[in-house]
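Structure file input-v4.txt (compact mmCIF, C-alpha atoms) is printed below.
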# COMPACT_ATOMS: atom_id res chain seq x y z
CA MET A 5 0.00 0.00 0.00
CA ASP A 6 3.05 2.31 -0.05
CA ASN A 7 2.91 2.81 -3.82
CA LEU A 8 -0.42 4.62 -3.98
CA LEU A 9 -0.67 7.23 -6.73
CA PRO A 10 -3.03 10.17 -7.15
CA LEU A 11 -5.49 9.46 -9.98
CA LYS A 12 -3.96 12.28 -12.04
CA ASP A 13 -0.51 10.67 -11.87
CA ALA A 14 -1.96 7.22 -12.59
CA ALA A 15 -3.78 8.59 -15.64
CA GLN A 16 -0.54 10.06 -16.99
CA GLN A 17 1.44 6.90 -16.24
CA PHE A 18 -1.01 4.63 -18.06
CA GLY A 19 -2.02 7.07 -20.79
CA VAL A 20 -5.72 7.18 -19.99
CA LYS A 21 -8.10 10.05 -19.35
CA LEU A 22 -8.39 11.22 -15.77
CA ASP A 23 -12.19 11.43 -16.03
CA ARG A 24 -12.36 7.74 -16.94
CA LEU A 25 -10.47 6.73 -13.80
CA ARG A 26 -12.43 9.17 -11.64
CA ARG A 27 -15.80 7.82 -12.82
CA ALA A 28 -14.63 4.25 -12.29
CA ALA A 29 -13.47 5.08 -8.77
CA TRP A 30 -16.83 6.65 -7.94
CA ASP A 31 -18.89 3.66 -9.06
CA GLY A 32 -16.58 0.97 -7.66
CA ARG A 33 -15.14 -0.41 -10.89
CA LEU A 34 -11.69 0.87 -9.89
CA MET A 35 -10.65 0.05 -6.33
CA ALA A 36 -9.28 3.39 -5.19
CA ARG A 37 -9.11 5.13 -1.83
CA LEU A 38 -10.53 8.59 -1.15
CA VAL A 39 -8.19 10.50 1.19
CA GLY A 40 -9.54 13.95 1.90
CA ASN A 41 -10.64 15.16 -1.52
CA GLN A 42 -8.07 13.13 -3.46
CA TRP A 43 -8.40 9.63 -4.93
CA LEU A 44 -5.37 7.34 -4.52
CA VAL A 45 -4.87 4.08 -6.39
CA GLU A 46 -2.29 1.33 -6.71
CA PRO A 47 -0.67 1.02 -10.17
CA GLU A 48 -1.46 -2.71 -10.15
CA GLU A 49 -5.16 -1.88 -9.75
CA VAL A 50 -5.08 0.49 -12.72
CA ALA A 51 -3.39 -2.20 -14.80
CA ARG A 52 -6.07 -4.69 -13.72
CA PHE A 53 -8.83 -2.18 -14.56
CA LEU A 54 -7.48 -1.64 -18.07
CA ARG A 55 -6.83 -5.34 -18.60
CA ASP A 56 -10.41 -6.18 -17.60
CA ALA A 57 -11.88 -3.56 -19.93
CA GLY A 58 -13.13 -1.37 -17.09
CA ARG A 59 -15.01 -4.07 -15.22
CA ARG A 60 -15.17 -4.41 -11.45
CA PRO A 61 -12.60 -6.71 -9.85
CA ALA A 62 -13.83 -10.26 -9.42
CA PRO A 63 -15.03 -10.55 -5.81
CA ALA A 64 -13.32 -13.10 -3.61
CA PRO A 65 -15.51 -16.19 -3.14
CA VAL A 66 -16.77 -17.07 0.32
CA SER A 67 -17.86 -20.47 1.53
CA VAL A 68 -21.57 -21.10 1.85
CA ALA A 69 -22.68 -21.82 5.41
CA LYS A 70 -22.41 -25.52 6.19
CA ARG A 71 -25.58 -27.39 7.01
CA GLY A 72 -26.71 -30.96 7.12
CA ASP A 73 -28.31 -32.66 4.13
CA GLY A 74 -31.90 -31.55 3.72
CA MET A 75 -31.57 -28.77 6.28
CA ALA A 76 -32.58 -25.23 5.40
CA ARG A 77 -30.13 -22.40 5.29
CA ILE A 78 -31.53 -19.70 7.61
CA ILE A 79 -30.75 -16.06 6.87
CA ALA A 80 -31.85 -13.11 9.00
CA VAL A 81 -32.32 -9.84 7.11
CA ALA A 82 -31.39 -7.40 9.84
CA VAL A 83 -30.06 -3.94 10.66
CA PRO A 84 -31.17 -1.67 13.53
CA LYS A 85 -32.56 1.09 11.32
CA GLY A 86 -35.87 1.64 9.61
CA GLY A 87 -36.31 2.35 5.93
CA THR A 88 -33.31 0.38 4.70
CA GLY A 89 -35.22 -2.14 2.58
CA LYS A 90 -35.34 -5.17 4.90
CA THR A 91 -38.89 -6.13 3.94
CA THR A 92 -38.34 -5.33 0.27
CA THR A 93 -35.22 -7.49 0.27
CA THR A 94 -36.83 -10.38 2.14
CA LEU A 95 -39.73 -10.47 -0.32
CA ASN A 96 -37.82 -10.03 -3.55
CA LEU A 97 -34.78 -12.09 -2.66
CA GLY A 98 -37.17 -14.85 -1.64
CA ALA A 99 -39.00 -14.60 -4.97
CA ALA A 100 -35.70 -14.60 -6.89
CA LEU A 101 -34.49 -17.67 -5.00
CA ALA A 102 -37.79 -19.44 -5.67
CA ALA A 103 -37.37 -18.67 -9.37
CA GLN A 104 -34.03 -20.51 -9.12
CA GLY A 105 -35.87 -23.62 -7.91
CA GLN A 106 -35.28 -23.12 -4.18
CA ARG A 107 -37.93 -24.01 -1.62
CA VAL A 108 -38.26 -20.75 0.30
CA LEU A 109 -39.98 -19.82 3.54
CA LEU A 110 -40.32 -16.18 4.59
CA VAL A 111 -40.84 -15.39 8.27
CA ASP A 112 -42.40 -12.03 9.09
CA PHE A 113 -40.91 -11.31 12.52
CA ASP A 114 -41.66 -7.58 12.57
CA PRO A 115 -44.89 -6.56 14.34
CA GLN A 116 -45.49 -3.91 11.68
CA GLY A 117 -46.45 -6.80 9.39
CA ASN A 118 -45.33 -5.07 6.21
CA LEU A 119 -44.16 -8.31 4.65
CA THR A 120 -47.48 -9.97 5.45
CA GLN A 121 -49.44 -7.09 3.95
CA SER A 122 -47.18 -6.86 0.90
CA LEU A 123 -48.25 -10.39 0.06
CA GLY A 124 -51.93 -9.46 0.20
CA LEU A 125 -52.83 -10.74 3.66
CA ARG A 126 -54.76 -8.84 6.33
CA PRO A 127 -53.01 -9.51 9.66
CA GLY A 128 -56.18 -8.99 11.67
CA ASP A 129 -57.97 -11.76 9.76
CA LEU A 130 -55.35 -14.45 10.43
CA GLU A 131 -55.97 -17.17 12.98
CA HIS A 132 -52.38 -18.44 13.08
CA THR A 133 -49.35 -16.14 13.05
CA ALA A 134 -45.82 -15.97 14.40
CA TYR A 135 -47.27 -14.56 17.61
CA THR A 136 -49.81 -17.35 18.15
CA ALA A 137 -47.02 -19.89 17.63
CA ILE A 138 -44.85 -18.15 20.24
CA LYS A 139 -47.71 -17.92 22.72
CA HIS A 140 -48.55 -21.61 22.29
CA PHE A 141 -44.90 -22.62 22.70
CA LEU A 142 -44.46 -20.60 25.89
CA THR A 143 -47.33 -22.48 27.55
CA SER A 144 -46.85 -25.97 26.09
CA PHE A 145 -43.22 -26.09 24.80
CA GLU A 146 -44.66 -27.64 21.63
CA PRO A 147 -43.50 -26.05 18.34
CA GLN A 148 -46.48 -25.61 16.03
CA LEU A 149 -45.27 -22.93 13.67
CA GLU A 150 -46.35 -25.06 10.72
CA ARG A 151 -49.95 -24.09 11.48
CA ALA A 152 -49.14 -20.54 10.47
CA VAL A 153 -47.40 -21.35 7.17
CA LEU A 154 -49.26 -20.05 4.12
CA SER A 155 -48.52 -20.35 0.42
CA THR A 156 -48.31 -17.13 -1.62
CA PRO A 157 -48.70 -16.19 -5.29
CA VAL A 158 -45.01 -15.26 -5.60
CA GLY A 159 -43.84 -18.86 -5.18
CA VAL A 160 -42.72 -18.72 -1.56
CA ASP A 161 -44.33 -19.78 1.70
CA LEU A 162 -44.91 -17.29 4.50
CA VAL A 163 -45.21 -17.24 8.27
CA PRO A 164 -47.31 -14.09 8.68
CA THR A 165 -47.48 -11.80 11.66
CA SER A 166 -49.67 -9.12 13.19
CA ALA A 167 -49.31 -6.21 15.56
CA ARG A 168 -49.91 -8.62 18.43
CA LEU A 169 -46.31 -9.77 18.03
CA ASN A 170 -45.49 -6.65 20.05
CA LEU A 171 -46.89 -8.52 23.07
CA ALA A 172 -44.19 -11.15 22.71
CA ASN A 173 -41.56 -8.69 23.96
CA ASP A 174 -43.00 -8.81 27.48
CA GLU A 175 -43.93 -12.48 27.33
CA LEU A 176 -40.49 -13.56 26.20
CA ALA A 177 -38.85 -11.43 28.89
CA VAL A 178 -39.85 -13.97 31.55
CA ALA A 179 -39.59 -17.09 29.39
CA ILE A 180 -37.13 -19.94 29.90
CA GLN A 181 -34.37 -19.75 27.25
CA ARG A 182 -36.18 -16.83 25.70
CA GLU A 183 -33.52 -16.28 23.04
CA PHE A 184 -34.07 -19.75 21.55
CA VAL A 185 -37.84 -19.72 21.01
CA LEU A 186 -37.78 -18.97 17.26
CA GLN A 187 -35.01 -21.53 16.76
CA LYS A 188 -37.19 -24.18 18.38
CA LEU A 189 -40.25 -23.13 16.40
CA LEU A 190 -38.36 -23.42 13.11
CA ALA A 191 -36.73 -26.77 13.93
CA PRO A 192 -39.58 -28.94 12.56
CA LEU A 193 -39.62 -26.93 9.31
CA VAL A 194 -35.96 -26.88 8.32
CA SER A 195 -36.16 -30.15 6.40
CA SER A 196 -39.00 -28.80 4.24
CA TYR A 197 -37.14 -25.81 2.79
CA ASP A 198 -33.85 -24.92 1.19
CA ILE A 199 -33.75 -21.33 2.47
CA ILE A 200 -35.59 -19.53 5.26
CA LEU A 201 -35.48 -15.72 5.29
CA ILE A 202 -36.42 -13.83 8.47
CA ASP A 203 -37.62 -10.23 8.21
CA THR A 204 -36.75 -8.39 11.43
CA LEU A 205 -37.52 -5.24 13.40
CA PRO A 206 -35.59 -1.99 12.87
CA TYR A 207 -34.12 -2.07 16.37
CA LEU A 208 -32.32 -4.55 18.58
CA GLY A 209 -34.35 -6.43 21.16
CA VAL A 210 -35.50 -9.89 22.18
CA LEU A 211 -37.26 -10.57 18.86
CA VAL A 212 -34.19 -9.67 16.81
CA VAL A 213 -31.98 -11.70 19.16
CA ASN A 214 -34.30 -14.66 18.54
CA ALA A 215 -33.81 -14.21 14.80
CA LEU A 216 -30.03 -14.04 15.20
CA VAL A 217 -29.99 -17.20 17.34
CA ALA A 218 -32.11 -19.06 14.79
CA ALA A 219 -30.07 -17.93 11.78
CA GLN A 220 -26.74 -19.10 10.44
CA GLU A 221 -26.15 -15.89 8.48
CA VAL A 222 -27.14 -12.24 8.49
CA LEU A 223 -27.81 -10.20 5.38
CA VAL A 224 -27.43 -6.49 6.19
CA PRO A 225 -29.22 -3.94 3.96
CA LEU A 226 -27.37 -0.61 3.90
CA GLN A 227 -29.16 2.45 2.63
CA SER A 228 -26.66 4.46 0.59
CA GLU A 229 -26.50 7.39 3.00
CA TYR A 230 -23.80 8.33 5.49
CA LEU A 231 -26.15 8.23 8.47
CA ALA A 232 -26.97 4.59 7.77
CA THR A 233 -23.41 3.32 8.23
CA GLU A 234 -23.51 3.60 12.03
CA SER A 235 -26.41 1.15 12.18
CA VAL A 236 -24.42 -1.35 10.09
CA ALA A 237 -21.48 -1.06 12.47
CA LEU A 238 -23.87 -1.68 15.36
CA MET A 239 -25.24 -4.76 13.61
CA MET A 240 -21.77 -6.14 13.09
CA ASP A 241 -21.02 -5.58 16.77
CA GLN A 242 -24.21 -7.45 17.63
CA VAL A 243 -23.13 -10.41 15.50
CA GLN A 244 -19.82 -10.52 17.36
CA LEU A 245 -21.69 -10.37 20.66
CA MET A 246 -23.85 -13.31 19.61
CA ARG A 247 -20.71 -15.28 18.81
CA ARG A 248 -18.74 -14.38 21.93
CA SER A 249 -21.67 -14.92 24.29
CA GLY A 250 -22.25 -18.43 22.97
CA LEU A 251 -25.82 -17.68 21.89
CA ASN A 252 -24.80 -18.45 18.30
CA PRO A 253 -21.06 -19.15 17.95
CA GLU A 254 -21.32 -19.87 14.20
CA LEU A 255 -23.28 -16.77 13.18
CA ARG A 256 -21.67 -14.78 10.38
CA VAL A 257 -22.43 -11.82 8.15
CA LEU A 258 -23.38 -13.13 4.72
CA GLY A 259 -22.89 -9.70 3.18
CA ILE A 260 -23.92 -6.07 3.00
CA LEU A 261 -26.48 -5.12 0.37
CA LEU A 262 -26.44 -1.50 -0.80
CA THR A 263 -30.03 -0.30 -1.20
CA MET A 264 -31.86 2.81 -2.39
CA VAL A 265 -28.84 3.75 -4.49
CA ASP A 266 -29.07 6.81 -6.74
CA GLN A 267 -25.78 7.10 -8.58
CA ARG A 268 -26.92 10.29 -10.31
CA THR A 269 -26.15 12.23 -7.14
CA VAL A 270 -22.69 12.89 -5.76
CA ILE A 271 -23.75 12.26 -2.17
CA HIS A 272 -24.98 8.77 -3.01
CA ARG A 273 -21.83 7.91 -4.96
CA GLU A 274 -19.75 9.10 -2.05
CA ALA A 275 -21.84 7.06 0.39
CA VAL A 276 -21.40 3.92 -1.70
CA GLU A 277 -17.64 4.44 -1.83
CA TYR A 278 -17.52 5.18 1.89
CA ALA A 279 -19.40 1.95 2.68
CA ARG A 280 -17.07 -0.11 0.51
CA ARG A 281 -14.03 1.50 2.10
CA VAL A 282 -15.23 1.16 5.70
CA PHE A 283 -16.80 -2.30 5.58
CA GLY A 284 -15.30 -3.99 2.53
CA ASN A 285 -12.26 -5.32 4.39
CA ARG A 286 -14.40 -6.75 7.20
CA VAL A 287 -17.33 -8.43 5.49
CA PRO A 288 -18.40 -9.13 1.91
CA ILE A 289 -20.32 -6.44 0.04
CA PHE A 290 -22.64 -7.80 -2.61
CA GLU A 291 -22.01 -6.87 -6.21
CA ALA A 292 -25.76 -6.40 -6.58
CA MET A 293 -26.94 -2.90 -5.73
CA VAL A 294 -30.61 -1.99 -5.44
CA LYS A 295 -31.43 1.36 -7.00
CA ARG A 296 -34.09 3.66 -5.62
CA SER A 297 -37.29 3.13 -7.61
CA VAL A 298 -41.00 3.80 -7.31
CA ARG A 299 -41.53 0.31 -8.76
CA PHE A 300 -40.90 -1.26 -5.35
CA PRO A 301 -43.82 0.38 -3.49
CA GLU A 302 -45.95 -0.11 -6.57
CA SER A 303 -45.22 -3.85 -6.62
CA GLN A 304 -45.96 -4.17 -2.92
CA ALA A 305 -49.25 -2.30 -3.35
CA SER A 306 -50.05 -4.86 -6.05
CA HIS A 307 -49.18 -7.68 -3.60
CA THR A 308 -46.47 -9.16 -5.75
CA SER A 309 -42.69 -9.20 -6.17
CA ILE A 310 -40.67 -6.81 -8.26
CA LEU A 311 -39.76 -9.79 -10.46
CA ALA A 312 -43.40 -10.26 -11.43
CA TYR A 313 -44.32 -6.57 -11.50
CA ASP A 314 -41.38 -5.26 -13.54
CA PRO A 315 -39.41 -8.32 -14.68
CA GLU A 316 -37.03 -6.44 -16.99
CA GLY A 317 -36.41 -3.50 -14.67
CA ASP A 318 -33.32 -2.66 -12.65
CA GLY A 319 -34.90 -3.86 -9.41
CA ALA A 320 -35.67 -7.33 -10.74
CA ARG A 321 -32.18 -7.64 -12.22
CA ALA A 322 -30.60 -6.59 -8.93
CA TYR A 323 -32.46 -9.22 -6.92
CA ARG A 324 -31.76 -11.94 -9.48
CA LEU A 325 -28.06 -11.10 -9.18
CA LEU A 326 -28.32 -11.08 -5.39
CA ALA A 327 -29.95 -14.52 -5.48
CA GLU A 328 -27.06 -15.81 -7.59
CA GLU A 329 -24.57 -14.39 -5.10
CA VAL A 330 -26.40 -15.89 -2.12
CA LEU A 331 -26.67 -19.30 -3.76
CA HIS A 332 -23.19 -19.56 -5.21
CA GLY A 333 -21.14 -17.72 -2.63
CA THR A 334 -19.93 -14.95 -4.91
CA ALA A 335 -20.51 -12.12 -2.44
Could you write out this file's structure as structure tokens?
Amino acid sequence: MDNLLPLKDAAQQFGVKLDRLRRAAWDGRLMARLVGNQWLVEPEEVARFLRDAGRRPAPAPVSVAKRGDGMARIIAVAVPKGGTGKTTTTLNLGAALAAQGQRVLLVDFDPQGNLTQSLGLRPGDLEHTAYTAIKHFLTSFEPQLERAVLSTPVGVDLVPTSARLNLANDELAVAIQREFVLQKLLAPLVSSYDIILIDTLPYLGVLVVNALVAAQEVLVPLQSEYLATESVALMMDQVQLMRRSGLNPELRVLGILLTMVDQRTVIHREAVEYARRVFGNRVPIFEAMVKRSVRFPESQASHTSILAYDPEGDGARAYRLLAEEVLHGTA
């Protein structure tokens, strides 16, 4: 790292236009470092960039979480901040994985019930939900989450929820092994699915801890704004706490997904670069980036996935790419 060059010097050395290198640095195709107001880059990275015709560097592969034959891979979609795209990602990643032939179960573990409503269900009309399964387990120690599982038009199954899940915070507070309730509820279902995605609350608490105990991996959505990075750091600290405390020694961060990206604005490009610089050496950052689009709320209002609502749009392409990365360990 001692041979870093300013972009202007690198452009002169390699005989390329400075604007080309600057644009590539902004959008992540050239791995450069922003120090103050100046981009610095290694000559070897410029040579790689030119050799690869301006493409991004190939991301280092990571191993897919180990699991027994026929056992679902459980991924919590979590970050302690609202408005980052957790529900949108749970729904559309699930649909993209199902389109790849995966048996997918979505678990709505947020009392707001946005995932449940996005799939066309009215929480108040449901007899069996995540909350009723928790309540039954706390009195009988019998897992009956399968009663709540519903099929959906987007090709995934769903454990719905309602606002009554808020009551579980107090009920779990006095429960025996309260952190392991969701894990025990999911145990009878893991042989029926390939992937289980858990949509979580926008703050840390006993329900999120339950999701992190039940999961093997955490997918962290990061809104492309500076203020969102602190919540990602907090989530990573929480994962380490889960490991060190023994609640889930094998938990790992699957990757960070950049969401609500608008690369037309300088502030968003800077936020994307900042996120890659701050977190890229610690955890994988997905190649897929989800751009800000009105198509997402429109698809949810239509009770379907972005893949069905706008199959050729940027959003659908992003979640198909994310599904490939999740399945094949290319994050």
Point (-45.4, -10.3, -6.4), cut-off 10 Å, counting only C-alpha atoms, residues as a PyMOL selection string: chain A and resi 95-96+99+122-124+156-159+303-314
Å distance separating CA of Arg126 (chain A) from CA of Gln104 (chain A), one decimal place: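 Computing it gives 28.4 Å between the two atoms.
For the pair CA of Gly128 (chain A) and CA of Leu97 (chain A), the separation is 25.9 Å.
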Test item: residues at most 9 Å from Lys12 (chain A), only C-alpha atoms, excluding those fewer than 6 positions along its chain, as a ChimeraX atom specification: /A:21-22,25,43
Residue contacts of Asp112 (chain A) (12 Å, only C-alpha atoms) excluding same-chain residues fewer than 6 positions away, as a ChimeraX atom specification: /A:80-82,90-92,94-95,118-123,125,127,133-135,152-154,161-167,169,186,200-205,211-212,215
Pick from A:Val330, A:Val287, A:Val217, A:Ala76 nearest to Leu110 (chain A), counting only C-alpha atoms: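 Once distances to Leu110 (chain A) are computed over only C-alpha atoms, the minimum belongs to A:Ala76.
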CA of Pro225 (chain A) to CA of Ile260 (chain A), distance in Å rounded to a single decimal: 5.8 Å
For region 260-272 of chain A, take all atoms listed in the file, fit an axis-aligned box around them, add 4 Å to each of the six sides, then output centre and edge lengths in Å rounded to one decimal, as lines of an AutoDock Vina configuration file.
center_x = -27.3
center_y = 3.4
center_z = -3.7
size_x = 17.2
size_y = 27.0
size_z = 21.3
Which residue of A:Met240, A:Val185, A:Leu101, A:Leu223 approaches Leu262 (chain A) most closely, using all atoms listed in the file: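 The answer is A:Leu223, which sits nearest to Leu262 (chain A).
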Closest of A:Leu238, A:Arg59, A:Ile289, A:Phe113 to Leu34 (chain A) - atom-to-atom distances counting only C-alpha atoms: A:Arg59
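Among A:Tyr197, A:Glu131, A:Val160, A:Pro301, the residue with the shortest atom-to-atom distance to Ala103 (chain A), counting only C-alpha atoms, is A:Val160.
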Neighbour list for Arg256 (chain A) as a PyMOL selection string, cut-off 12 Å, only C-alpha atoms, skip fewer than 4 positions in-chain: chain A and resi 66-70+78-80+216-217+219-224+239-248+252+260+286-288
Hey, what's within 10 Å of Leu176 (chain A) if we count all atoms listed in the file and toss same-chain stuff fewer than 5 positions away? As an mmCIF file with C-alpha atoms, keeping the file's coordinate frame, please?
data_model
loop_
_atom_site.group_PDB
_atom_site.id
_atom_site.type_symbol
_atom_site.label_atom_id
_atom_site.label_comp_id
_atom_site.auth_asym_id
_atom_site.auth_seq_id
_atom_site.Cartn_x
_atom_site.Cartn_y
_atom_site.Cartn_z
ATOM 1 C CA ILE A 138 -44.850 -18.150 20.240
ATOM 2 C CA LYS A 139 -47.710 -17.920 22.720
ATOM 3 C CA LEU A 142 -44.460 -20.600 25.890
ATOM 4 C CA LEU A 171 -46.890 -8.520 23.070
ATOM 5 C CA GLN A 181 -34.370 -19.750 27.250
ATOM 6 C CA ARG A 182 -36.180 -16.830 25.700
ATOM 7 C CA GLU A 183 -33.520 -16.280 23.040
ATOM 8 C CA VAL A 185 -37.840 -19.720 21.010
ATOM 9 C CA VAL A 210 -35.500 -9.890 22.180
ATOM 10 C CA LEU A 211 -37.260 -10.570 18.860
ATOM 11 C CA ASN A 214 -34.300 -14.660 18.540
#
Residue neighbourhood Leu326 (chain A), 10 Å, all atoms listed in the file, exclusion window fewer than 2 positions, as an NGL selection string: :A and (93 or 96-97 or 100-101 or 261 or 290-294 or 320-324 or 328-332 or 334-335)
Nearest to Asp56 (chain A) by atom-to-atom distance, counting only C-alpha atoms, from A:Gly284, A:Pro147, A:Arg33, A:Phe18: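 Smallest distance to Asp56 (chain A) is found for A:Arg33.
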Nearest to Gln42 (chain A) by atom-to-atom distance, counting all atoms listed in the file, from A:Leu11, A:Met264, A:Leu190, A:Leu325: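 Checking each of A:Leu11, A:Met264, A:Leu190, A:Leu325 against Gln42 (chain A), counting all atoms listed in the file, the winner is A:Leu11.
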